[in-house]
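Text of the file input_16.pdb, holding PDB, C-alpha atoms:
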```pdb
ATOM      1  CA  MET A   1      58.585  47.015  -1.365
ATOM      2  CA  ALA A   2      59.887  49.094   1.512
ATOM      3  CA  SER A   3      61.452  47.431   4.527
ATOM      4  CA  THR A   4      59.074  46.015   7.126
ATOM      5  CA  LYS A   5      60.398  48.396   9.831
ATOM      6  CA  TYR A   6      57.562  50.637  10.942
ATOM      7  CA  ILE A   7      58.078  54.370  10.448
ATOM      8  CA  LYS A   8      56.149  56.342  13.050
ATOM      9  CA  PRO A   9      54.573  59.413  11.463
ATOM     10  CA  THR A  10      54.736  62.717  13.333
ATOM     11  CA  GLU A  11      51.482  64.480  14.243
ATOM     12  CA  SER A  12      51.760  66.730  11.153
ATOM     13  CA  GLU A  13      52.535  63.744   8.934
ATOM     14  CA  LEU A  14      49.480  61.949  10.319
ATOM     15  CA  GLU A  15      47.316  64.919   9.348
ATOM     16  CA  ILE A  16      48.650  64.700   5.774
ATOM     17  CA  LEU A  17      48.110  60.929   5.724
ATOM     18  CA  GLN A  18      44.499  61.446   6.854
ATOM     19  CA  VAL A  19      43.903  63.709   3.850
ATOM     20  CA  LEU A  20      45.538  61.212   1.473
ATOM     21  CA  TRP A  21      43.655  58.249   2.960
ATOM     22  CA  ASN A  22      40.395  60.126   2.406
ATOM     23  CA  LYS A  23      41.213  61.432  -1.078
ATOM     24  CA  GLY A  24      43.315  58.548  -2.416
ATOM     25  CA  LEU A  25      45.403  60.751  -4.735
ATOM     26  CA  ALA A  26      46.123  64.456  -4.235
ATOM     27  CA  SER A  27      48.506  67.238  -5.195
ATOM     28  CA  VAL A  28      50.367  69.234  -2.549
ATOM     29  CA  ARG A  29      47.947  72.129  -3.198
ATOM     30  CA  GLU A  30      44.903  69.877  -2.563
ATOM     31  CA  VAL A  31      46.413  68.534   0.659
ATOM     32  CA  HIS A  32      47.377  72.054   1.731
ATOM     33  CA  GLU A  33      43.862  73.398   1.078
ATOM     34  CA  GLU A  34      42.367  70.575   3.152
ATOM     35  CA  LEU A  35      44.801  71.177   6.043
ATOM     36  CA  SER A  36      44.165  74.951   5.896
ATOM     37  CA  LYS A  37      40.515  74.348   6.817
ATOM     38  CA  SER A  38      41.519  73.322  10.323
ATOM     39  CA  LYS A  39      44.923  74.927  10.979
ATOM     40  CA  ASP A  40      47.190  77.755   9.918
ATOM     41  CA  VAL A  41      49.880  76.135   7.782
ATOM     42  CA  GLY A  42      52.040  77.508   4.992
ATOM     43  CA  TYR A  43      52.086  75.925   1.525
ATOM     44  CA  THR A  44      55.879  75.534   1.603
ATOM     45  CA  THR A  45      55.623  73.750   4.970
ATOM     46  CA  THR A  46      53.132  71.258   3.508
ATOM     47  CA  LEU A  47      55.355  70.789   0.440
ATOM     48  CA  LYS A  48      58.493  70.190   2.537
ATOM     49  CA  LEU A  49      56.687  67.766   4.849
ATOM     50  CA  MET A  50      55.370  65.771   1.900
ATOM     51  CA  GLN A  51      58.867  65.642   0.344
ATOM     52  CA  ILE A  52      60.251  64.319   3.638
ATOM     53  CA  MET A  53      57.381  61.810   3.875
ATOM     54  CA  ASN A  54      58.225  60.616   0.360
ATOM     55  CA  GLU A  55      61.863  60.066   1.405
ATOM     56  CA  LYS A  56      60.712  58.185   4.524
ATOM     57  CA  GLY A  57      58.384  55.980   2.465
ATOM     58  CA  LEU A  58      55.167  57.228   4.077
ATOM     59  CA  VAL A  59      53.823  58.540   0.757
ATOM     60  CA  LYS A  60      54.436  57.774  -2.914
ATOM     61  CA  ARG A  61      54.894  60.544  -5.469
ATOM     62  CA  ASP A  62      54.036  60.343  -9.165
ATOM     63  CA  ASP A  63      56.643  62.486 -10.942
ATOM     64  CA  SER A  64      55.367  61.699 -14.443
ATOM     65  CA  VAL A  65      53.259  64.860 -14.636
ATOM     66  CA  LYS A  66      54.186  68.491 -13.919
ATOM     67  CA  THR A  67      52.000  68.645 -10.804
ATOM     68  CA  HIS A  68      53.284  65.874  -8.576
ATOM     69  CA  ILE A  69      50.511  63.625  -7.312
ATOM     70  CA  TYR A  70      50.887  61.909  -3.954
ATOM     71  CA  GLN A  71      49.241  58.934  -2.314
ATOM     72  CA  ALA A  72      49.689  57.255   1.064
ATOM     73  CA  ALA A  73      52.261  54.462   1.007
ATOM     74  CA  VAL A  74      51.170  53.116   4.400
ATOM     75  CA  SER A  75      47.722  51.760   5.170
ATOM     76  CA  ARG A  76      45.381  53.492   7.590
ATOM     77  CA  GLU A  77      44.646  50.181   9.348
ATOM     78  CA  LYS A  78      48.323  49.251   9.866
ATOM     79  CA  THR A  79      49.114  52.752  11.136
ATOM     80  CA  GLN A  80      46.115  52.720  13.502
ATOM     81  CA  LYS A  81      47.064  49.266  14.847
ATOM     82  CA  HIS A  82      50.675  50.275  15.446
ATOM     83  CA  LEU A  83      49.887  53.604  17.117
ATOM     84  CA  LEU A  84      47.073  52.079  19.158
ATOM     85  CA  GLY A  85      49.358  49.277  20.346
ATOM     86  CA  LYS A  86      51.936  51.854  21.425
ATOM     87  CA  MET A  87      49.224  53.892  23.178
ATOM     88  CA  ILE A  88      47.815  50.859  25.021
ATOM     89  CA  ASP A  89      51.304  49.875  26.197
ATOM     90  CA  GLY A  90      52.409  53.404  27.086
ATOM     91  CA  LEU A  91      49.277  55.022  28.485
ATOM     92  CA  PHE A  92      47.133  52.137  29.672
ATOM     93  CA  GLY A  93      49.715  49.711  31.072
ATOM     94  CA  GLY A  94      49.013  47.201  28.311
ATOM     95  CA  SER A  95      45.304  47.052  29.163
ATOM     96  CA  PRO A  96      42.951  47.385  26.168
ATOM     97  CA  THR A  97      40.094  47.380  28.701
ATOM     98  CA  GLN A  98      41.308  50.657  30.224
ATOM     99  CA  LEU A  99      41.518  52.193  26.746
ATOM    100  CA  VAL A 100      37.943  51.180  25.908
ATOM    101  CA  ILE A 101      36.630  52.442  29.262
ATOM    102  CA  GLN A 102      38.319  55.811  28.686
ATOM    103  CA  ALA A 103      37.176  56.040  25.064
ATOM    104  CA  LEU A 104      33.546  55.171  25.745
ATOM    105  CA  GLY A 105      33.419  57.116  28.996
ATOM    106  CA  ASN A 106      34.578  60.365  27.397
ATOM    107  CA  HIS A 107      33.034  60.174  23.919
ATOM    108  CA  LYS A 108      29.402  59.575  23.016
ATOM    109  CA  ALA A 109      29.185  56.577  20.690
ATOM    110  CA  SER A 110      26.288  56.351  18.252
ATOM    111  CA  ASP A 111      23.824  53.448  18.437
ATOM    112  CA  GLN A 112      25.426  52.044  15.260
ATOM    113  CA  GLU A 113      28.928  52.256  16.782
ATOM    114  CA  LEU A 114      27.719  50.578  19.983
ATOM    115  CA  GLU A 115      26.162  47.812  17.884
ATOM    116  CA  GLU A 116      29.464  47.314  16.020
ATOM    117  CA  ILE A 117      31.317  47.157  19.354
ATOM    118  CA  GLN A 118      28.776  44.653  20.706
ATOM    119  CA  ASN A 119      29.165  42.467  17.575
ATOM    120  CA  LEU A 120      32.947  42.583  17.967
ATOM    121  CA  LEU A 121      32.666  41.574  21.632
ATOM    122  CA  ASN A 122      30.285  38.733  20.733
ATOM    123  CA  ASN A 123      32.725  37.464  18.072
ATOM    124  CA  LEU A 124      35.655  37.669  20.510
ATOM    125  CA  LYS A 125      33.718  35.619  23.088
ATOM    126  CA  LYS A 126      33.086  32.866  20.506
ATOM    127  CA  HIS A 127      36.793  32.349  19.850
TER
END
```
Target encoding structure tokens, full file:
Amino acid sequence: MASTKYIKPTESELEILQVLWNKGLASVREVHEELSKSKDVGYTTTLKLMQIMNEKGLVKRDDSVKTHIYQAAVSREKTQKHLLGKMIDGLFGGSPTQLVIQALGNHKASDQELEEIQNLLNNLKKH
């Protein structure tokens, strides 16, 4: 088990983690093809980033087969919580209320999302 110190992924590393969180397991080529859909990135850049991420402990690599297979070594939820906490402290003066007002004011939430938010608020009021 890696140390409990949190390693903050860079923006590019987060993009790779998103692909791995969605796919579960993927080769560098699969990750690269997914990233290429939304940005201009070279294969060797993706490969190097994933090697660095493996050294940092952000991803795990299976070396037992010729084509190395990677998976995220950090959970999406833990990463979201950490980065969100940093954002609330840094951008919103520690106020989760300001974050929610900005998020809901600038992005249209679906009826289902609003219902989930309402249920969360109701549960928070009970405690």
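When the PyMOL selection byres ((chain A and resi 68) around 12) is evaluated against the file, it yields A:Leu25, A:Ala26, A:Ser27, A:Val28, A:Arg29, A:Glu30, A:Val31, A:Leu47, A:Met50, A:Gln51, A:Asn54, A:Val59, A:Lys60, A:Arg61, A:Asp62, A:Asp63, A:Ser64, A:Val65, A:Lys66, A:Thr67, A:Ile69, A:Tyr70, A:Gln71.
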I'd like to see the residues matched by the PyMOL selection byres ((chain A and resi 57) around 9) on this file, and ideally I'd get them as a VMD selection string. chain A and resid 2 7 52 to 56 58 to 60 72 to 74
Leaving out A:Ser95 and any residue of its chain fewer than 6 positions from it, which residues lie within 12 Å of it when counting all atoms listed in the file, given as a compact mmCIF listing (two decimals) with C-alpha atoms, in the coordinates of the input?
```txt
# COMPACT_ATOMS: atom_id res chain seq x y z
CA LEU A 84 47.07 52.08 19.16
CA GLY A 85 49.36 49.28 20.35
CA LYS A 86 51.94 51.85 21.42
CA MET A 87 49.22 53.89 23.18
CA ILE A 88 47.82 50.86 25.02
CA ASP A 89 51.30 49.88 26.20
CA ILE A 101 36.63 52.44 29.26
CA GLN A 102 38.32 55.81 28.69
```
Using all atoms of stretch 23-32 of chain A that appear in the file, construct an axis-aligned enclosing box with 3 Å of padding on every side and provide its centre coordinates and edge lengths in Å, rounded to one decimal, as lines of an AutoDock Vina configuration file.
```
center_x = 45.8
center_y = 65.3
center_z = -1.7
size_x = 15.2
size_y = 19.6
size_z = 12.9
```
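Put simply, atom CA of A:Thr97 is 15.6 Å away from atom CA of A:Lys81.
With all atoms listed in the file as the atoms that count, the minimum distance from A:Ser36 to the choices A:Val19, A:Leu121, A:Val100, A:Leu14 is reached by A:Val19.
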